[in-house]
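Printed here is query_37.txt (compact mmCIF, C-alpha atoms and all ligand atoms):
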# COMPACT_ATOMS: atom_id res chain seq x y z
CA MET A 1 27.70 -43.86 -21.48
CA ASN A 2 26.15 -42.11 -18.50
CA GLN A 3 24.51 -44.38 -15.99
CA LEU A 4 22.34 -43.62 -12.98
CA ASP A 5 21.73 -46.34 -10.41
CA LEU A 6 18.79 -45.51 -8.16
CA GLY A 7 19.49 -48.54 -5.95
CA ASP A 8 16.48 -49.21 -3.74
CA LEU A 9 15.26 -45.57 -3.91
CA SER A 10 11.86 -45.70 -5.60
CA PHE A 11 10.95 -43.25 -8.34
CA ILE A 12 8.30 -41.51 -6.24
CA GLU A 13 10.53 -41.33 -3.15
CA GLY A 14 12.71 -38.75 -4.87
CA GLY A 15 14.27 -40.97 -7.52
CA HIS A 16 12.63 -38.78 -10.17
CA LEU A 17 14.68 -35.81 -8.98
CA LEU A 18 17.91 -37.72 -9.55
CA VAL A 19 16.74 -38.74 -13.03
CA LYS A 20 15.70 -35.17 -13.84
CA ARG A 21 19.04 -33.85 -12.60
CA ALA A 22 20.97 -36.39 -14.70
CA MET A 23 18.88 -35.56 -17.81
CA GLY A 24 19.58 -31.88 -17.33
CA LYS A 25 23.28 -32.53 -17.70
CA ILE A 26 23.15 -34.21 -21.12
CA ASN A 27 22.40 -32.74 -24.54
CA VAL A 28 19.17 -33.24 -26.49
CA GLY A 29 19.28 -36.61 -28.31
CA LYS A 30 21.87 -38.10 -25.95
CA GLU A 31 20.99 -40.95 -23.65
CA ILE A 32 21.47 -42.11 -20.10
CA VAL A 33 20.99 -45.57 -18.59
CA ILE A 34 18.78 -45.72 -15.54
CA CYS A 35 18.64 -48.76 -13.33
CA GLY A 36 17.26 -49.58 -9.89
CA GLN A 37 15.59 -52.20 -7.74
CA ASP A 38 12.14 -50.63 -7.37
CA PRO A 39 9.71 -53.06 -9.07
CA ASP A 40 7.53 -50.10 -10.20
CA LEU A 41 10.40 -48.20 -11.77
CA GLU A 42 9.39 -49.06 -15.33
CA VAL A 43 5.81 -47.83 -14.92
CA HIS A 44 6.81 -44.60 -13.23
CA LEU A 45 9.72 -43.88 -15.53
CA GLU A 46 7.65 -44.44 -18.65
CA ALA A 47 4.89 -42.12 -17.49
CA TRP A 48 7.34 -39.46 -16.43
CA ALA A 49 9.32 -39.63 -19.67
CA ARG A 50 6.13 -39.21 -21.68
CA ILE A 51 5.12 -36.10 -19.74
CA GLU A 52 8.62 -34.62 -19.94
CA GLY A 53 8.97 -35.45 -23.63
CA HIS A 54 11.90 -37.87 -23.32
CA GLN A 55 12.15 -41.15 -25.18
CA ILE A 56 12.56 -44.39 -23.28
CA LYS A 57 13.91 -47.75 -24.42
CA ILE A 58 13.38 -50.72 -22.18
CA SER A 59 16.26 -53.18 -22.11
CA THR A 60 15.89 -56.93 -21.99
CA GLU A 61 17.73 -56.79 -18.71
CA SER A 62 15.21 -56.22 -15.94
CA ASN A 63 14.89 -52.71 -14.54
CA ARG A 64 17.41 -51.20 -16.94
CA PHE A 65 16.24 -48.42 -19.24
CA LYS A 66 17.76 -46.13 -21.80
CA LEU A 67 16.41 -42.63 -21.65
CA TYR A 68 17.01 -40.21 -24.57
CA ARG A 69 16.69 -36.54 -23.82
CA GLY A 70 13.91 -34.83 -25.77
CA ASP A 71 13.65 -31.11 -26.56
CA ALA A 72 10.16 -30.46 -25.15
CA GLU A 73 11.48 -28.74 -22.03
CA LEU A 74 13.83 -26.54 -24.04
CA LYS A 75 11.02 -25.61 -26.45
CA ARG A 76 8.70 -24.86 -23.57
CA TRP A 77 11.01 -22.16 -22.24
CA GLN A 78 12.07 -20.75 -25.62
CA GLY A 79 9.62 -17.86 -25.45
CA ALA A 80 10.19 -17.20 -21.75
CA LYS A 81 11.13 -13.69 -20.66
CA GLN A 82 12.91 -12.28 -17.68
CA THR A 83 11.38 -8.97 -16.72
CA GLY A 84 13.21 -6.40 -14.67
CA ASP A 85 15.30 -7.14 -11.65
CA PRO A 86 14.38 -7.66 -8.01
CA ASP A 87 16.73 -4.80 -7.09
CA PRO A 88 14.69 -1.66 -7.88
CA PHE A 89 17.80 0.47 -8.28
CA LYS A 90 19.43 -1.55 -11.07
CA PRO A 91 19.14 0.08 -14.48
CA GLU A 92 16.13 -1.16 -16.44
CA SER A 93 14.85 -2.88 -13.31
CA ILE A 94 11.43 -1.20 -13.42
CA ALA A 95 9.68 -1.42 -16.79
CA GLU A 96 8.03 1.70 -18.24
CA THR A 97 4.94 -0.45 -18.88
CA ALA A 98 4.34 -3.74 -17.09
CA SER A 99 2.78 -6.36 -19.38
CA GLN A 100 -0.50 -7.96 -18.37
CA THR A 101 1.03 -11.33 -19.30
CA TRP A 102 3.68 -10.99 -16.60
CA GLY A 103 0.81 -11.44 -14.21
CA LEU A 104 1.74 -12.02 -10.61
CA ALA A 105 5.28 -13.21 -11.34
CA ALA A 106 8.02 -11.88 -9.10
CA ARG A 107 9.94 -9.06 -10.72
CA GLY A 108 13.11 -10.73 -12.06
CA ALA A 109 11.53 -14.19 -12.45
CA VAL A 110 11.72 -16.04 -15.77
CA ILE A 111 8.11 -16.09 -17.01
CA GLU A 112 6.87 -18.93 -19.18
CA ASP A 113 5.34 -17.87 -22.47
CA GLY A 114 1.54 -18.17 -22.49
CA THR A 115 0.78 -16.94 -18.97
CA PRO A 116 -2.86 -15.75 -18.82
CA GLU A 117 -3.45 -12.03 -19.30
CA PHE A 118 -4.37 -10.18 -16.14
CA ASP A 119 -6.34 -6.97 -16.04
CA PHE A 120 -4.36 -4.59 -13.84
CA GLN A 121 -5.33 -0.98 -14.44
CA LEU A 122 -2.15 0.66 -13.18
CA THR A 123 0.62 -0.64 -15.41
CA LYS A 124 2.72 2.43 -16.14
CA LYS A 125 5.78 3.33 -14.14
CA SER A 126 5.04 7.02 -14.68
CA GLN A 127 1.63 6.60 -12.97
CA VAL A 128 2.76 4.88 -9.81
CA TRP A 129 6.48 4.76 -9.27
CA ALA A 130 8.77 6.81 -7.07
CA ASP A 131 12.20 5.56 -5.92
CA GLU A 132 11.17 6.96 -2.55
CA ALA A 133 8.74 4.03 -2.16
CA VAL A 134 11.64 1.70 -1.41
CA ARG A 135 12.90 3.77 1.52
CA LEU A 136 9.40 4.59 2.78
CA TYR A 137 8.38 0.94 2.82
CA ALA A 138 11.48 -0.05 4.81
CA GLN A 139 10.81 2.81 7.20
CA ALA A 140 7.15 1.83 7.54
CA VAL A 141 8.06 -1.76 8.39
CA SER A 142 10.49 -0.74 11.11
CA ALA A 143 8.09 1.90 12.50
CA GLN A 144 5.08 -0.38 13.03
CA TRP A 145 3.77 -0.08 16.58
CA ASP A 146 1.52 -2.25 18.67
CA PRO A 147 -1.55 -0.37 19.95
CA ASN A 148 -1.58 -2.57 23.06
CA THR A 149 1.89 -1.69 24.23
CA ALA A 150 2.69 1.62 22.55
CA ILE A 151 -0.12 3.58 24.21
CA PRO A 152 -0.34 4.13 27.99
CA TRP A 153 -3.96 2.96 28.27
CA ASN A 154 -3.72 2.48 32.02
CA THR A 155 -2.44 5.94 32.91
CA LYS A 156 -4.95 7.59 35.25
CA PHE A 157 -6.51 10.91 34.18
CA GLU A 158 -9.84 12.63 34.48
CA LEU A 159 -11.08 15.38 32.14
CA GLN A 160 -14.00 17.73 32.65
CA THR A 161 -17.18 16.02 31.41
CA GLU A 162 -17.62 18.21 28.33
CA VAL A 163 -13.93 18.05 27.45
CA GLU A 164 -14.12 14.26 27.53
CA ASP A 165 -17.28 14.51 25.37
CA ALA A 166 -15.34 16.68 22.92
CA VAL A 167 -12.54 14.11 22.79
CA VAL A 168 -15.11 11.39 22.04
CA GLN A 169 -16.61 13.56 19.27
CA LEU A 170 -13.20 14.27 17.80
CA MET A 171 -12.30 10.57 17.86
CA THR A 172 -15.59 9.71 16.15
CA TYR A 173 -14.71 12.19 13.42
CA LEU A 174 -11.15 10.84 13.13
CA ILE A 175 -12.37 7.24 12.78
CA GLU A 176 -14.52 7.90 9.71
CA ASN A 177 -11.68 9.80 8.08
CA GLU A 178 -9.28 6.93 8.82
CA ALA A 179 -11.76 4.53 7.25
CA ALA A 180 -11.63 6.54 4.00
CA ALA A 181 -7.83 6.62 4.20
CA LEU A 182 -7.84 2.82 4.55
CA ILE A 183 -10.25 2.14 1.71
CA VAL A 184 -8.62 4.34 -0.92
CA PRO A 185 -5.12 2.74 -0.99
CA SER A 186 -6.67 -0.72 -0.54
CA ARG A 187 -8.73 -0.19 -3.67
CA PHE A 188 -5.75 0.91 -5.73
CA VAL A 189 -3.42 -1.81 -4.46
CA ALA A 190 -5.77 -4.27 -6.19
CA GLN A 191 -5.43 -2.33 -9.45
CA LEU A 192 -1.66 -1.97 -9.30
CA HIS A 193 0.54 -4.24 -11.39
CA PRO A 194 2.64 -6.33 -8.95
CA HIS A 195 5.73 -5.56 -11.05
CA PHE A 196 5.83 -2.36 -8.97
CA ARG A 197 6.37 -4.48 -5.88
CA GLU A 198 7.63 -1.79 -3.52
CA VAL A 199 4.65 0.48 -4.26
CA MET A 200 2.29 -2.47 -3.71
CA GLN A 201 3.97 -3.19 -0.37
CA LEU A 202 3.87 0.45 0.64
CA LEU A 203 0.16 0.84 -0.14
CA ALA A 204 -0.56 -2.36 1.79
CA ILE A 205 1.30 -1.20 4.87
CA GLN A 206 -0.36 2.20 4.55
CA ALA A 207 -3.74 0.45 4.81
CA ALA A 208 -2.42 -1.43 7.86
CA ASP A 209 -1.38 1.90 9.42
CA GLU A 210 -4.91 3.20 8.94
CA ALA A 211 -6.33 0.04 10.48
CA ARG A 212 -4.29 0.79 13.60
CA HIS A 213 -5.48 4.39 13.60
CA VAL A 214 -9.10 3.24 13.44
CA GLU A 215 -8.40 0.92 16.35
CA VAL A 216 -6.71 3.39 18.69
CA PHE A 217 -9.15 6.23 18.05
CA THR A 218 -12.03 3.85 18.72
CA ARG A 219 -10.41 2.65 21.92
CA ARG A 220 -9.77 6.22 23.09
CA ALA A 221 -13.39 7.19 22.39
CA LEU A 222 -14.59 4.25 24.47
CA LEU A 223 -12.03 4.62 27.24
CA LYS A 224 -14.40 6.54 29.52
CA ARG A 225 -17.67 6.29 27.60
CA ASP A 226 -19.80 3.56 26.14
CA LYS A 227 -21.10 5.59 23.19
CA LEU A 228 -19.45 7.29 20.24
CA GLY A 229 -20.23 10.80 18.98
CA ILE A 230 -22.03 11.86 15.82
CA SER A 231 -21.24 11.49 12.15
CA THR A 232 -22.39 14.34 9.92
CA VAL A 233 -23.74 14.45 6.36
CA GLY A 234 -21.06 16.99 5.49
CA GLY A 235 -18.20 14.85 6.73
CA GLN A 236 -19.46 11.80 4.91
CA ALA A 237 -20.16 13.74 1.72
CA SER A 238 -16.58 14.97 1.71
CA LEU A 239 -15.14 11.50 2.30
CA LYS A 240 -17.41 9.94 -0.32
CA THR A 241 -15.77 12.06 -3.00
CA LEU A 242 -12.47 10.40 -2.03
CA VAL A 243 -13.83 6.88 -1.88
CA ASP A 244 -15.58 7.32 -5.25
CA GLU A 245 -12.64 8.87 -7.09
CA PRO A 246 -11.62 6.35 -9.79
CA ASP A 247 -8.38 8.01 -10.93
CA PHE A 248 -5.24 7.02 -9.00
CA ALA A 249 -3.43 10.33 -9.47
CA ILE A 250 -6.45 12.41 -8.44
CA ALA A 251 -7.30 10.14 -5.51
CA SER A 252 -3.67 10.24 -4.28
CA PHE A 253 -3.63 13.98 -4.66
CA LEU A 254 -6.90 14.62 -2.83
CA LEU A 255 -6.26 12.00 -0.16
CA SER A 256 -2.53 11.96 0.49
CA VAL A 257 -1.37 15.43 -0.43
CA MET A 258 -4.38 17.56 0.47
CA GLY A 259 -6.23 15.39 3.01
CA GLU A 260 -3.51 13.54 4.88
CA GLY A 261 -1.31 16.62 4.58
CA THR A 262 -4.01 18.57 6.44
CA PHE A 263 -4.48 15.70 8.88
CA LEU A 264 -0.77 15.65 9.61
CA THR A 265 -1.02 19.24 10.82
CA LEU A 266 -4.14 18.34 12.82
CA LEU A 267 -2.49 15.34 14.50
CA ARG A 268 0.64 17.36 15.37
CA PHE A 269 -1.65 19.99 16.86
CA LEU A 270 -3.48 17.36 18.90
CA GLU A 271 -0.20 15.87 20.05
CA HIS A 272 0.77 19.32 21.30
CA HIS A 273 -2.59 20.21 22.88
CA ALA A 274 -3.75 16.75 23.94
CA PRO A 275 -5.64 16.88 27.22
CA ASP A 276 -4.43 13.43 28.30
CA PRO A 277 -1.42 11.14 27.76
CA VAL A 278 -3.40 8.52 25.85
CA THR A 279 -4.57 11.00 23.20
CA GLN A 280 -1.13 12.55 23.08
CA THR A 281 0.70 9.28 22.42
CA MET A 282 -1.73 8.02 19.78
CA THR A 283 -1.78 11.29 17.86
CA ARG A 284 2.03 11.39 17.86
CA LEU A 285 2.26 7.81 16.54
CA ALA A 286 -0.47 8.38 13.94
CA ALA A 287 1.19 11.62 12.79
CA ASN A 288 4.47 9.76 12.18
CA ASP A 289 2.59 7.29 9.99
CA GLU A 290 0.74 10.07 8.15
CA ALA A 291 4.03 11.80 7.35
CA ARG A 292 5.01 8.72 5.31
CA HIS A 293 1.65 8.63 3.53
CA VAL A 294 2.02 12.26 2.52
CA ALA A 295 5.66 11.73 1.48
CA PHE A 296 4.74 8.95 -0.94
CA GLY A 297 1.79 10.86 -2.38
CA VAL A 298 3.99 13.86 -3.10
CA ALA A 299 6.90 11.73 -4.40
CA HIS A 300 4.94 9.71 -6.95
CA LEU A 301 2.85 12.65 -8.11
CA LYS A 302 6.02 14.67 -8.66
CA GLU A 303 7.23 11.85 -10.92
CA SER A 304 3.87 11.65 -12.72
CA VAL A 305 3.83 15.39 -13.32
CA LYS A 306 7.23 15.11 -15.07
CA HIS A 307 5.75 12.60 -17.53
CA ASP A 308 2.30 14.09 -18.00
CA PRO A 309 2.20 17.80 -18.84
CA HIS A 310 -1.59 17.91 -18.32
CA LEU A 311 -1.60 16.32 -14.90
CA LEU A 312 -1.32 19.55 -12.91
CA ASP A 313 -4.35 20.84 -14.81
CA ARG A 314 -6.31 17.71 -13.99
CA LEU A 315 -5.37 17.95 -10.32
CA ASN A 316 -6.30 21.60 -10.31
CA GLN A 317 -9.72 20.83 -11.80
CA SER A 318 -10.28 18.01 -9.32
CA VAL A 319 -10.09 20.45 -6.40
CA HIS A 320 -12.50 22.85 -8.09
CA ARG A 321 -14.90 20.01 -8.92
CA ARG A 322 -14.81 18.72 -5.38
CA HIS A 323 -15.32 22.19 -3.97
CA ASP A 324 -18.34 22.72 -6.23
CA ALA A 325 -19.80 19.38 -5.18
CA LEU A 326 -19.45 20.20 -1.49
CA GLN A 327 -20.17 23.92 -1.42
CA HIS A 328 -23.84 23.61 -0.50
CA ILE A 329 -23.15 21.42 2.49
CA VAL A 330 -23.78 23.52 5.53
CA GLY A 331 -21.62 23.47 8.64
CA LEU A 332 -19.15 21.08 7.11
CA ASN A 333 -16.92 20.93 10.14
CA GLN A 334 -18.44 23.07 12.88
CA LYS A 335 -18.70 20.12 15.29
CA VAL A 336 -15.02 19.37 14.78
CA ILE A 337 -13.98 22.99 15.26
CA ASP A 338 -16.05 23.21 18.44
CA ALA A 339 -14.59 19.99 19.80
CA LEU A 340 -11.07 21.15 18.99
CA THR A 341 -11.67 24.50 20.64
CA LEU A 342 -12.97 22.95 23.83
CA ILE A 343 -10.20 20.36 23.95
CA THR A 344 -7.59 23.05 23.47
CA ALA A 345 -9.25 25.34 25.99
CA GLY A 346 -9.51 22.49 28.49
CA GLY A 347 -12.38 24.23 30.32
CA TRP A 348 -15.09 26.91 30.24
CA SER A 349 -13.37 30.02 31.54
CA HIS A 350 -13.44 33.01 29.19
CA GLN A 351 -9.70 33.10 29.16
CA ALA A 352 -9.41 29.40 28.32
CA LEU A 353 -12.02 29.60 25.53
CA ARG A 354 -10.35 32.65 24.03
CA LYS A 355 -7.00 30.88 24.05
CA GLY A 356 -8.57 27.73 22.58
CA SER A 357 -10.20 29.70 19.76
CA GLN A 358 -6.96 31.47 18.96
CA GLN A 359 -5.07 28.18 18.84
CA VAL A 360 -7.66 26.63 16.51
CA THR A 361 -7.51 29.69 14.23
CA LYS A 362 -3.74 29.25 14.15
CA LEU A 363 -4.24 25.55 13.37
CA ILE A 364 -6.38 26.41 10.33
CA GLN A 365 -3.67 28.80 9.15
CA ASP A 366 -0.97 26.15 9.66
CA MET A 367 -3.04 23.62 7.71
CA ASP A 368 -3.34 26.11 4.87
CA SER A 369 0.36 26.90 4.76
CA GLY A 370 1.18 23.16 4.95
CA ARG A 371 -1.04 22.49 1.94
CA ARG A 372 0.39 25.40 0.01
CA ASN A 373 3.94 24.10 0.59
CA GLN A 374 3.04 20.65 -0.73
CA LEU A 375 1.30 22.19 -3.75
CA LEU A 376 4.40 24.24 -4.54
CA ARG A 377 6.49 21.06 -4.35
CA LEU A 378 4.25 19.48 -6.98
CA GLY A 379 4.88 22.39 -9.31
CA PHE A 380 1.84 24.64 -8.81
CA SER A 381 2.44 28.40 -8.84
CA LYS A 382 2.12 30.39 -5.63
CA GLU A 383 -1.24 31.79 -6.74
CA GLN A 384 -2.59 28.39 -7.76
CA ALA A 385 -1.39 26.89 -4.48
CA ALA A 386 -3.16 29.60 -2.50
CA THR A 387 -6.42 29.13 -4.45
CA LEU A 388 -6.39 25.35 -4.27
CA SER A 389 -5.60 25.33 -0.58
CA GLU A 390 -8.46 27.76 0.03
CA LEU A 391 -10.86 25.50 -1.92
CA HIS A 392 -9.86 22.36 -0.01
CA THR A 393 -12.71 20.66 1.82
CA LYS A 394 -13.58 22.16 5.20
CA ASN A 395 -13.79 18.58 6.48
CA PHE A 396 -9.96 18.63 6.28
CA MET A 397 -9.96 15.18 4.55
FE FE A 401 -4.42 7.61 9.36
FE FE A 402 -2.89 8.07 6.24

Would you encode the structure as structure tokens?
Ligand SMILES: [Fe+2]
Ligand SMILES: [Fe+2]
Amino acid sequence: MNQLDLGDLSFIEGGHLLVKRAMGKINVGKEIVICGQDPDLEVHLEAWARIEGHQIKISTESNRFKLYRGDAELKRWQGAKQTGDPDPFKPESIAETASQTWGLAARGAVIEDGTPEFDFQLTKKSQVWADEAVRLYAQAVSAQWDPNTAIPWNTKFELQTEVEDAVVQLMTYLIENEAAALIVPSRFVAQLHPHFREVMQLLAIQAADEARHVEVFTRRALLKRDKLGISTVGGQASLKTLVDEPDFAIASFLLSVMGEGTFLTLLRFLEHHAPDPVTQTMTRLAANDEARHVAFGVAHLKESVKHDPHLLDRLNQSVHRRHDALQHIVGLNQKVIDALTLITAGGWSHQALRKGSQQVTKLIQDMDSGRRNQLLRLGFSKEQAATLSELHTKNFM
């Protein structure tokens, strides 16, 4: 017969773990003798056995007990399921539909039957998944930068008064756009089933990227001034359509593919034409982050399109709807265009202004061709891509 002597180790000092371990090694119905010197052993052992569903027989000898293994623990786990695998690239690792009863359990964990039902709205692999998320998340983690050390805040420079004003205005515009780009993925990360762990992680780090962008653009705006620029009705109206969009596919499309895609071109342009090293460094770092955001948007929508033949139609309509909603807003981005022109010109000479205007015209063309390329990648025809790009919000985001 099996015997376990706890010696002077009390039940609550860890003795229960030894008893549990010993019980795990015998079959249901079999017994083990437990003995020990702790005067409270009987009380503790009895209570524990009752909870665990084991039977206990107390011997006439003091502090010696026979414990028979019950089947409660086995029964408890009979209906348990293992769902998927922590390694996203193993076959069957990612379920086509994640069950609400898997809840918050780690993918690959054994889940006890009877877990409460959660209410995640995004439960289908075809809605959210792209293998690319795994690589993009790893890349995002290693590419995180510290605004304090990554940007040369202390480098001395002086811009013409109005050029500095234009930088402040541009930063003010960028900040509100970054706020929308932070809110949208944050909202969907709360709706996403945690079974799609890598997508959840990627959306979370995307929000953290945007938080940094908000920070650095704010700090640049206030570097030489104590006031920010203006925020227009048109800009906010455009961003509100993103913040209000309830559908994940449409929101990802309008934000990540169309909006952040356009912003990527804008940030690369600013990196190239930045009037000072602080603006140049931050726009380069933000552009690198945006490239990841766009890459995931395109990757998961490409997957969704494969599974949903009507999705391209819905995306198409979403651009038309948004265009109709915004078409009466006057001067949607004139302040931004003017600020960009002056920043690029760097001064007031005719020659500089002409050059600035030409560069901004070229920027608008580059934004358009960037959008059309992404639209082609999603499966739109050349004509559709040209139309949709043309209808994209003049706010850029
Ligand atoms: Fe951003
Ligand atoms: Fe972004």

- [ ] Might you pull out every residue within 12 Å of Val141 in chain A, with all atoms listed in the file counted and same-chain residues fewer than 6 positions away left off, and present them as a VMD selection string?
- [x] chain A and resid 134 to 135 198 201 to 206 208 to 209 289 292

Give me, as CSV, each residue of chain A that comes within 7 Å of ligand FE 401 (chain A), together with its shortest interatomic pair and the distance in Å at one decimal, counting only C-alpha atoms and all ligand atoms, with rows ordered by chain and rising residue number.
residue,atom,partner,partner_atom,distance
A:Glu178,CA,A:FE401,FE,4.9
A:Ala181,CA,A:FE401,FE,6.3
A:Asp209,CA,A:FE401,FE,6.5
A:Glu210,CA,A:FE401,FE,4.5
A:His213,CA,A:FE401,FE,5.4
A:Ala286,CA,A:FE401,FE,6.1
A:Glu290,CA,A:FE401,FE,5.8

Excluding Val168 in chain A and residues on its chain fewer than 5 positions from it, collect all residues at most 8 Å away from it, counting only C-alpha atoms, and give them as a PDB file with C-alpha atoms, keeping the file's coordinate frame.
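In the end it all went to result39.pdb:
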ATOM      1  CA  ARG A 220      -9.770   6.220  23.090  1.00  0.00           C
ATOM      2  CA  ALA A 221     -13.390   7.190  22.390  1.00  0.00           C
ATOM      3  CA  LEU A 222     -14.590   4.250  24.470  1.00  0.00           C
ATOM      4  CA  ARG A 225     -17.670   6.290  27.600  1.00  0.00           C
ATOM      5  CA  LEU A 228     -19.450   7.290  20.240  1.00  0.00           C
ATOM      6  CA  GLY A 229     -20.230  10.800  18.980  1.00  0.00           C
TER       7      GLY A 229
END

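The interatomic distance for the pair CA of Thr60 in chain A and CA of Val28 in chain A works out to 24.3 Å.
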
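Take CA of Gly84 in chain A and CA of Arg107 in chain A: the distance between them is 5.8 Å.
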
TODO: For CA of Asp247 in chain A and CA of Arg314 in chain A, quote the distance in Å rounded to one decimal.
DONE: 10.4 Å

TODO: Mind listing whatever residues come within 9 Å of the point (25.0, -40.9, -21.1)? Use only C-alpha atoms, file coordinates, and give them as a count of residues only.
DONE: 14

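Between Ser389 in chain A and the candidates A:Glu13, A:Asp113, A:Asp368, A:Asp338, the tightest atom-to-atom separation, counting all atoms listed in the file, involves A:Asp368.
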
Open item on the list: Counting all atoms listed in the file, which residue out of A:Thr241, A:Ser252, A:Gln160, A:Ser126 sits closest to ligand FE 402 (chain A)?
Closed with: A:Ser252

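Remark: for Arg64 in chain A, the closest of the candidate residues A:Pro39, A:Gly235, A:Pro86, A:Gly347 is A:Pro39 (distances computed over all atoms listed in the file).
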
Neighbours of Gln82 in chain A within 10 Å (all atoms listed in the file; same-chain residues fewer than 2 positions away dropped), as a PDB file with C-alpha atoms, in the frame of the given file?
ATOM      1  CA  ALA A  80      10.190 -17.200 -21.750  1.00  0.00           C
ATOM      2  CA  GLY A  84      13.210  -6.400 -14.670  1.00  0.00           C
ATOM      3  CA  ASP A  85      15.300  -7.140 -11.650  1.00  0.00           C
ATOM      4  CA  TRP A 102       3.680 -10.990 -16.600  1.00  0.00           C
ATOM      5  CA  ALA A 105       5.280 -13.210 -11.340  1.00  0.00           C
ATOM      6  CA  ALA A 106       8.020 -11.880  -9.100  1.00  0.00           C
ATOM      7  CA  ARG A 107       9.940  -9.060 -10.720  1.00  0.00           C
ATOM      8  CA  GLY A 108      13.110 -10.730 -12.060  1.00  0.00           C
ATOM      9  CA  ALA A 109      11.530 -14.190 -12.450  1.00  0.00           C
ATOM     10  CA  VAL A 110      11.720 -16.040 -15.770  1.00  0.00           C
ATOM     11  CA  ILE A 111       8.110 -16.090 -17.010  1.00  0.00           C
ATOM     12  CA  GLU A 112       6.870 -18.930 -19.180  1.00  0.00           C
TER      13      GLU A 112
END

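Using all atoms listed in the file for every distance, the candidate list A:Lys227, A:His293, A:Arg76, A:Lys20 yields A:His293 as the residue closest to ligand FE 402 (chain A).
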
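With only C-alpha atoms and all ligand atoms as the atoms that count, the residue of A:Phe296, A:Phe196, A:Phe380, A:Trp348 with the shortest distance to ligand FE 402 (chain A) is A:Phe296.
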
Task: Neighbour list for Leu315 in chain A as a VMD selection string, cut-off 8 Å, only C-alpha atoms, skip fewer than 2 positions in-chain - done: chain A and resid 249 to 250 253 311 to 313 317 to 319
